[in-house]
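Note: the block below is model34.txt and it holds compact mmCIF, C-alpha atoms and all ligand atoms.
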# COMPACT_ATOMS: atom_id res chain seq x y z
CA MET A 12 -21.11 -9.53 -31.21
CA PRO A 13 -21.04 -12.55 -33.61
CA GLU A 14 -17.67 -14.03 -34.57
CA LEU A 15 -16.12 -11.80 -37.23
CA PHE A 16 -13.79 -12.66 -40.08
CA SER A 17 -11.29 -10.57 -41.97
CA VAL A 18 -11.49 -11.27 -45.72
CA ARG A 19 -8.50 -9.86 -47.63
CA MET A 20 -7.85 -9.76 -51.36
CA ARG A 21 -4.54 -8.94 -53.03
CA ALA A 22 -4.06 -9.13 -56.81
CA SER A 23 -0.75 -8.83 -58.62
CA ARG A 24 0.98 -9.61 -61.90
CA GLY A 25 4.66 -10.49 -62.04
CA GLY A 26 5.09 -9.29 -58.47
CA ILE A 27 3.54 -5.88 -59.26
CA HIS A 28 0.60 -4.95 -57.07
CA ILE A 29 -2.66 -4.37 -58.99
CA SER A 30 -5.37 -4.10 -56.37
CA GLY A 31 -6.22 -4.98 -52.80
CA ALA A 32 -9.07 -4.61 -50.36
CA GLU A 33 -10.25 -5.94 -47.03
CA ARG A 34 -13.64 -6.45 -45.41
CA ILE A 35 -14.63 -7.52 -41.91
CA VAL A 36 -17.83 -9.57 -41.87
CA PRO A 37 -19.71 -12.19 -39.83
CA GLU A 38 -19.48 -15.80 -41.00
CA GLY A 39 -22.66 -15.51 -43.07
CA GLY A 40 -21.13 -12.72 -45.15
CA ILE A 41 -17.88 -14.48 -46.12
CA GLU A 42 -19.13 -16.07 -49.34
CA ALA A 43 -20.70 -12.91 -50.81
CA VAL A 44 -17.77 -10.71 -49.83
CA THR A 45 -15.25 -13.18 -51.26
CA ALA A 46 -17.17 -13.22 -54.56
CA SER A 47 -17.29 -9.43 -54.73
CA LEU A 48 -13.57 -9.06 -53.90
CA LEU A 49 -12.74 -11.67 -56.55
CA ASN A 50 -14.82 -9.81 -59.08
CA ARG A 51 -13.07 -6.58 -58.15
CA ALA A 52 -9.65 -8.20 -58.62
CA MET A 53 -10.61 -9.61 -62.03
CA THR A 54 -12.07 -6.38 -63.39
CA HIS A 55 -9.65 -3.77 -62.05
CA GLU A 56 -8.71 -1.03 -64.48
CA ASN A 57 -5.01 -1.52 -63.68
CA GLY A 58 -5.16 -4.79 -65.65
CA ALA A 59 -5.79 -8.51 -65.37
CA PRO A 60 -4.02 -10.13 -62.42
CA GLY A 61 -1.65 -13.10 -62.74
CA GLU A 62 -2.22 -14.03 -59.12
CA ILE A 63 -5.08 -13.36 -56.69
CA LYS A 64 -4.76 -14.18 -53.01
CA ILE A 65 -7.82 -14.26 -50.80
CA THR A 66 -7.27 -14.75 -47.08
CA VAL A 67 -10.08 -15.44 -44.64
CA GLU A 68 -9.07 -15.12 -41.01
CA SER A 69 -11.17 -15.43 -37.88
CA LEU A 70 -10.93 -12.48 -35.51
CA ALA A 71 -12.26 -14.57 -32.60
CA GLY A 72 -10.64 -13.57 -29.35
CA ARG A 73 -9.32 -10.29 -30.79
CA GLU A 74 -10.62 -7.07 -29.29
CA ILE A 75 -12.53 -5.08 -31.91
CA LEU A 76 -12.28 -1.31 -31.63
CA ILE A 77 -15.49 0.50 -32.58
CA LEU A 78 -14.91 4.06 -33.81
CA ARG A 79 -17.27 6.86 -34.86
CA PRO A 80 -16.47 8.09 -38.38
CA LEU A 81 -14.57 11.34 -38.69
CA ARG A 82 -16.89 14.13 -39.67
CA VAL A 83 -16.61 15.06 -43.34
CA ILE A 84 -15.88 18.58 -44.51
CA ASN A 85 -16.56 18.73 -48.21
CA PHE A 86 -14.62 21.21 -50.32
CA PRO A 87 -16.84 21.35 -53.40
CA PRO A 88 -15.35 22.45 -56.71
CA SER A 89 -16.05 26.19 -56.49
CA PRO A 90 -14.74 29.16 -58.49
CA LEU A 91 -11.84 29.25 -56.03
CA MET A 92 -11.17 25.51 -56.20
CA GLY A 93 -11.72 25.62 -59.95
CA GLU A 94 -8.30 27.21 -60.26
CA GLY A 95 -7.14 23.60 -60.12
CA GLU A 96 -4.45 21.75 -58.30
CA MET A 97 -2.74 24.81 -56.83
CA ALA A 98 -5.83 25.83 -54.85
CA SER A 99 -6.60 22.28 -53.74
CA HIS A 100 -3.01 21.68 -52.63
CA ALA A 101 -3.03 24.96 -50.68
CA ALA A 102 -6.29 23.90 -48.98
CA ALA A 103 -4.80 20.51 -48.06
CA VAL A 104 -1.61 22.07 -46.66
CA SER A 105 -3.62 24.58 -44.67
CA GLU A 106 -5.80 21.81 -43.12
CA LEU A 107 -2.68 19.83 -42.22
CA GLU A 108 -1.13 22.90 -40.60
CA ARG A 109 -4.31 23.54 -38.62
CA ALA A 110 -4.04 19.97 -37.29
CA GLY A 111 -0.45 20.51 -36.11
CA VAL A 112 1.72 19.55 -39.09
CA SER A 113 4.45 22.08 -39.94
CA GLY A 114 4.23 23.77 -43.34
CA LYS A 115 7.58 22.23 -44.25
CA ALA A 116 6.43 18.67 -43.40
CA ALA A 117 3.10 19.10 -45.20
CA LYS A 118 4.66 20.51 -48.37
CA SER A 119 7.49 17.99 -48.54
CA ALA A 120 5.06 15.06 -48.14
CA LEU A 121 2.80 16.50 -50.84
CA GLU A 122 5.77 16.95 -53.18
CA ALA A 123 6.95 13.39 -52.47
CA ILE A 124 3.51 11.97 -53.33
CA LEU A 125 3.37 14.04 -56.52
CA ALA A 126 6.86 12.93 -57.57
CA GLY A 127 6.53 9.23 -56.60
CA ALA A 128 7.56 8.57 -52.99
CA SER A 129 9.19 5.15 -53.47
CA PRO A 130 12.98 4.91 -53.93
CA ALA A 131 12.40 3.98 -57.60
CA GLY A 132 10.29 7.11 -58.07
CA GLY A 133 6.96 5.27 -58.35
CA ASN A 134 4.06 4.95 -55.94
CA MET A 135 4.76 3.26 -52.64
CA ARG A 136 2.75 0.15 -51.74
CA GLY A 137 1.81 1.61 -48.37
CA ALA A 138 1.95 5.07 -46.82
CA MET A 139 4.80 7.36 -45.84
CA LEU A 140 5.22 7.86 -42.10
CA VAL A 141 6.25 11.45 -41.50
CA ASP A 142 7.43 13.41 -38.45
CA ALA A 143 4.79 16.14 -38.28
CA ALA A 144 7.31 18.73 -37.05
CA THR A 145 10.37 18.13 -39.23
CA GLY A 146 9.03 16.25 -42.24
CA GLU A 147 11.54 13.42 -41.66
CA ARG A 148 10.43 10.10 -43.19
CA LEU A 149 10.15 7.40 -40.53
CA GLU A 150 8.82 4.34 -42.37
CA PRO A 151 11.28 1.42 -42.11
CA ASP A 152 10.86 0.45 -45.78
CA ARG A 153 10.26 3.21 -48.34
CA GLU A 154 8.95 0.81 -50.97
CA ARG A 155 6.43 -1.00 -48.76
CA GLY A 156 5.56 1.92 -46.49
CA ILE A 157 2.95 1.53 -43.75
CA ARG A 158 -0.20 -0.43 -44.47
CA ALA A 159 -3.44 0.24 -42.65
CA ARG A 160 -5.32 -3.04 -42.48
CA ALA A 161 -8.15 -4.61 -40.52
CA VAL A 162 -10.69 -1.84 -40.92
CA ASP A 163 -14.24 -1.77 -42.28
CA TRP A 164 -17.67 -0.31 -41.61
CA ALA A 165 -19.87 -2.23 -39.17
CA GLU A 166 -22.77 -3.97 -40.92
CA GLU A 167 -25.24 -1.73 -39.04
CA ALA A 168 -23.54 1.36 -40.48
CA GLU A 169 -24.61 0.59 -44.05
CA GLY A 170 -27.50 3.09 -43.95
CA TYR A 171 -25.23 5.86 -42.63
CA VAL A 172 -22.57 5.26 -45.30
CA SER A 173 -24.96 4.96 -48.19
CA ASN A 174 -26.74 8.18 -47.12
CA ALA A 175 -23.39 9.96 -47.10
CA GLU A 176 -22.50 8.53 -50.52
CA ARG A 177 -25.82 9.72 -51.89
CA GLU A 178 -25.37 13.19 -50.46
CA LEU A 179 -21.83 13.46 -51.82
CA LYS A 180 -22.82 11.80 -55.13
CA CYS A 181 -20.15 9.11 -54.81
CA ALA A 182 -20.39 6.54 -57.60
CA THR A 183 -17.46 4.40 -56.44
CA LEU A 184 -16.20 2.77 -53.24
CA HIS A 185 -13.31 5.23 -52.86
CA PHE A 186 -15.02 7.51 -50.33
CA ARG A 187 -16.39 4.81 -48.02
CA GLU A 188 -13.13 2.90 -47.91
CA ALA A 189 -11.03 6.02 -47.46
CA LEU A 190 -13.22 7.43 -44.66
CA ALA A 191 -13.01 4.14 -42.72
CA LEU A 192 -9.24 4.00 -43.18
CA ALA A 193 -8.78 7.69 -42.27
CA THR A 194 -10.88 7.16 -39.13
CA LYS A 195 -8.65 4.29 -38.06
CA ALA A 196 -5.46 6.24 -38.89
CA ALA A 197 -6.63 9.37 -37.05
CA ASN A 198 -7.04 7.31 -33.87
CA ALA A 199 -3.59 5.70 -34.01
CA PRO A 200 -1.19 6.29 -31.11
CA GLY A 201 0.83 9.43 -31.97
CA ALA A 202 -1.30 10.36 -35.01
CA VAL A 203 -1.51 14.03 -35.98
CA ALA A 204 -2.99 14.01 -39.49
CA GLU A 205 -3.08 12.26 -42.87
CA LEU A 206 -2.80 13.38 -46.49
CA CYS A 207 -4.11 11.25 -49.37
CA ILE A 208 -4.16 11.51 -53.15
CA SER A 209 -5.63 8.46 -54.88
CA ASP A 210 -3.33 6.45 -57.14
CA ASP A 211 -6.33 5.63 -59.33
CA PRO A 212 -5.70 7.66 -62.52
CA ARG A 213 -9.38 8.54 -62.91
CA TYR A 214 -9.98 9.55 -59.30
CA THR A 215 -8.92 13.11 -58.52
CA THR A 216 -10.57 13.77 -55.13
CA GLY A 217 -8.25 13.43 -52.14
CA TYR A 218 -8.30 14.42 -48.49
CA ALA A 219 -6.44 15.84 -45.52
CA SER A 220 -7.74 14.39 -42.26
CA SER A 221 -7.22 14.55 -38.53
CA ARG A 222 -9.07 13.59 -35.36
CA ALA A 223 -9.26 17.28 -34.45
CA PHE A 224 -10.71 18.64 -37.70
CA GLY A 225 -12.19 15.65 -39.51
CA TYR A 226 -11.98 14.37 -43.06
CA CYS A 227 -11.48 17.34 -45.41
CA ARG A 228 -12.48 16.02 -48.79
CA ILE A 229 -10.83 18.10 -51.51
CA ALA A 230 -11.59 18.02 -55.25
CA SER A 231 -8.96 18.33 -58.01
CA MET A 232 -5.97 17.04 -56.06
CA LYS A 233 -4.48 15.93 -59.36
CA GLU A 234 -5.11 16.05 -63.08
CA ALA A 235 -7.29 13.19 -64.35
CA GLY A 236 -5.24 10.47 -66.04
CA ARG A 237 -2.19 10.78 -63.76
CA GLY A 238 -1.27 7.54 -62.03
CA PHE A 239 0.70 8.94 -59.10
CA GLY A 240 -0.77 8.95 -55.62
CA GLY A 241 -0.30 7.79 -52.07
CA ARG A 242 -0.73 8.58 -48.42
CA ALA A 243 1.30 10.26 -45.71
CA PHE A 244 0.60 9.60 -42.02
CA PHE A 245 1.96 12.45 -39.89
CA VAL A 246 2.91 11.59 -36.32
CA ARG A 247 4.08 13.37 -33.17
CA ARG A 248 7.61 12.22 -32.42
CA GLU A 249 7.57 12.76 -28.63
CA GLY A 250 6.95 9.41 -26.97
CA PHE A 251 6.32 7.80 -30.36
CA ASP A 252 6.69 4.01 -30.46
CA ILE A 253 6.87 2.80 -34.06
CA ASP A 254 6.19 -0.84 -33.16
CA GLU A 255 3.08 0.13 -31.25
CA TYR A 256 1.99 2.33 -34.19
CA ILE A 257 2.54 -0.36 -36.83
CA GLY A 258 0.95 -2.99 -34.56
CA TYR A 259 -2.20 -0.85 -34.31
CA MET A 260 -2.31 0.03 -38.02
CA ARG A 261 -1.86 -3.56 -39.20
CA GLY A 262 -3.28 -5.60 -36.39
CA THR A 263 -6.01 -3.88 -34.39
CA PRO A 264 -9.39 -4.69 -35.96
CA VAL A 265 -11.51 -1.56 -36.28
CA LEU A 266 -15.17 -1.27 -37.18
CA VAL A 267 -16.48 2.19 -37.97
CA ASN A 268 -20.06 2.86 -36.93
CA GLY A 269 -22.22 5.96 -36.56
CA PRO A 270 -23.84 8.71 -38.59
CA VAL A 271 -21.61 10.52 -41.06
CA GLU A 272 -21.80 14.26 -40.43
CA ILE A 273 -21.17 16.25 -43.60
CA LEU A 274 -20.33 19.95 -43.60
CA ARG A 275 -19.44 22.23 -46.48
CA ALA A 276 -16.02 23.83 -46.23
CA ASP A 277 -17.45 27.32 -46.65
CA ASN A 278 -19.97 26.65 -43.90
CA LYS A 279 -18.02 24.86 -41.16
C1 LIG B 1 -12.91 10.72 -51.31
O1 LIG B 1 -13.59 10.53 -52.30
O2 LIG B 1 -13.39 11.07 -50.24
C2 LIG B 1 -11.39 10.52 -51.42
C3 LIG B 1 -11.05 9.10 -51.58
C4 LIG B 1 -9.58 8.83 -51.72
C5 LIG B 1 -9.34 7.43 -52.23
C6 LIG B 1 -7.94 7.00 -52.06
C7 LIG B 1 -7.68 5.68 -52.72
O3 LIG B 1 -7.84 5.53 -53.93
O4 LIG B 1 -7.26 4.77 -51.99
So, in terms of structure tokens, how does the structure I just supplied come out?
Amino acid sequence: MPELFSVRMRASRGGIHISGAERIVPEGGIEAVTASLLNRAMTHENGAPGEIKITVESLAGREILILRPLRVINFPPSPLMGEGEMASHAAAVSELERAGVSGKAAKSALEAILAGASPAGGNMRGAMLVDAATGERLEPDRERGIRARAVDWAEEAEGYVSNAERELKCATLHFREALALATKAANAPGAVAELCISDDPRYTTGYASSRAFGYCRIASMKEAGRGFGGRAFFVRREGFDIDEYIGYMRGTPVLVNGPVEILRADNK
């Protein structure tokens, strides 16, 4: 494998986070990816940044984990789902329960995301870390939460991802980035499942995912125009080592590669 580089972008204004993204590319891709991340920072709908940081870091000598993408189960907006958020939330909770999260933990994490899970009542910068059995919050800092970094699609996976985007009619990068991140998170030590609602006010599709049951992509997780959102990573407490977990989520470089299997929820 050629030497790979992590290219990270973080944009903020007055200390408030506006946007961020990360790519993992060979040396020849650094310039183009830097330009596209810069463009993304400058044109983000959350506003013009006061500060943009781009970090390019060699991953030479680091072991790269190659993972197959989670299979995707698509819950299309149907008459049932058309009843709105209630039906989509029930579907998400039921997928989390199937993966081993208690109803109490699933519902309290969902409520926390909907209400603003940071101590100030806004969105957290990273994800909640939740005991899958009790619903107890385990993240050391409730403002920063847990960040999943160092994950991208392998270059060779471009055809697989763009086919999936075409099939699902994705017009933005949300799906590809979220599926890569969910694949990494589902393979973390102690992981049980994940719940995500986008904090992008215009983006209302979210997901509940797990290694056992895949990436359940659910429409209408929130009303369009609402800025709340976030993620909850549910973990099994027995034998759980938080340093190992955070080390993997932040530090282990992951490339996702392989065909994206897509099933319809009513057909799985
Ligand atoms: C999807 O389209 O599959 C869901 C994407 C969720 C995006 C979450 C985010 O905005 O980070």
Inset, instruction - Could you pull out the residues sitting within 7 Å of ligand LIG 1 (chain B), using all atoms listed in the file, and write them as a ChimeraX atom specification? - result: /A:185-186,189-190,207-211,216-218,228
Spatial neighbours of stretch 265-272 of chain A, max dist 9 Å, all atoms listed in the file, sep filter under 3 positions, as a PDB file with C-alpha atoms, in the frame of the given file:
ATOM      1  CA  ILE A  35     -14.630  -7.520 -41.910  1.00  0.00           C
ATOM      2  CA  GLU A  74     -10.620  -7.070 -29.290  1.00  0.00           C
ATOM      3  CA  ILE A  75     -12.530  -5.080 -31.910  1.00  0.00           C
ATOM      4  CA  LEU A  76     -12.280  -1.310 -31.630  1.00  0.00           C
ATOM      5  CA  ILE A  77     -15.490   0.500 -32.580  1.00  0.00           C
ATOM      6  CA  LEU A  78     -14.910   4.060 -33.810  1.00  0.00           C
ATOM      7  CA  ARG A  79     -17.270   6.860 -34.860  1.00  0.00           C
ATOM      8  CA  PRO A  80     -16.470   8.090 -38.380  1.00  0.00           C
ATOM      9  CA  LEU A  81     -14.570  11.340 -38.690  1.00  0.00           C
ATOM     10  CA  ARG A  82     -16.890  14.130 -39.670  1.00  0.00           C
ATOM     11  CA  VAL A  83     -16.610  15.060 -43.340  1.00  0.00           C
ATOM     12  CA  ILE A  84     -15.880  18.580 -44.510  1.00  0.00           C
ATOM     13  CA  ARG A 160      -5.320  -3.040 -42.480  1.00  0.00           C
ATOM     14  CA  ALA A 161      -8.150  -4.610 -40.520  1.00  0.00           C
ATOM     15  CA  VAL A 162     -10.690  -1.840 -40.920  1.00  0.00           C
ATOM     16  CA  ASP A 163     -14.240  -1.770 -42.280  1.00  0.00           C
ATOM     17  CA  TRP A 164     -17.670  -0.310 -41.610  1.00  0.00           C
ATOM     18  CA  ALA A 165     -19.870  -2.230 -39.170  1.00  0.00           C
ATOM     19  CA  GLU A 166     -22.770  -3.970 -40.920  1.00  0.00           C
ATOM     20  CA  GLU A 167     -25.240  -1.730 -39.040  1.00  0.00           C
ATOM     21  CA  ALA A 168     -23.540   1.360 -40.480  1.00  0.00           C
ATOM     22  CA  GLU A 169     -24.610   0.590 -44.050  1.00  0.00           C
ATOM     23  CA  GLY A 170     -27.500   3.090 -43.950  1.00  0.00           C
ATOM     24  CA  TYR A 171     -25.230   5.860 -42.630  1.00  0.00           C
ATOM     25  CA  VAL A 172     -22.570   5.260 -45.300  1.00  0.00           C
ATOM     26  CA  ASN A 174     -26.740   8.180 -47.120  1.00  0.00           C
ATOM     27  CA  ALA A 175     -23.390   9.960 -47.100  1.00  0.00           C
ATOM     28  CA  ALA A 191     -13.010   4.140 -42.720  1.00  0.00           C
ATOM     29  CA  THR A 194     -10.880   7.160 -39.130  1.00  0.00           C
ATOM     30  CA  LYS A 195      -8.650   4.290 -38.060  1.00  0.00           C
TER      31      LYS A 195
END
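Shortest atom-to-atom contact with A:Val141 among A:Arg158, A:Arg34, A:Arg242, A:Arg187: A:Arg242, counting all atoms listed in the file.
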Inset, instruction - Can you work out the spacing between atom CA of A:Ile124 and atom CA of A:Gly240 in Å, to one decimal? - result: 5.7 Å
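Between atom CA of A:Leu15 and atom CA of A:Ile63 the interatomic distance comes to 22.4 Å.
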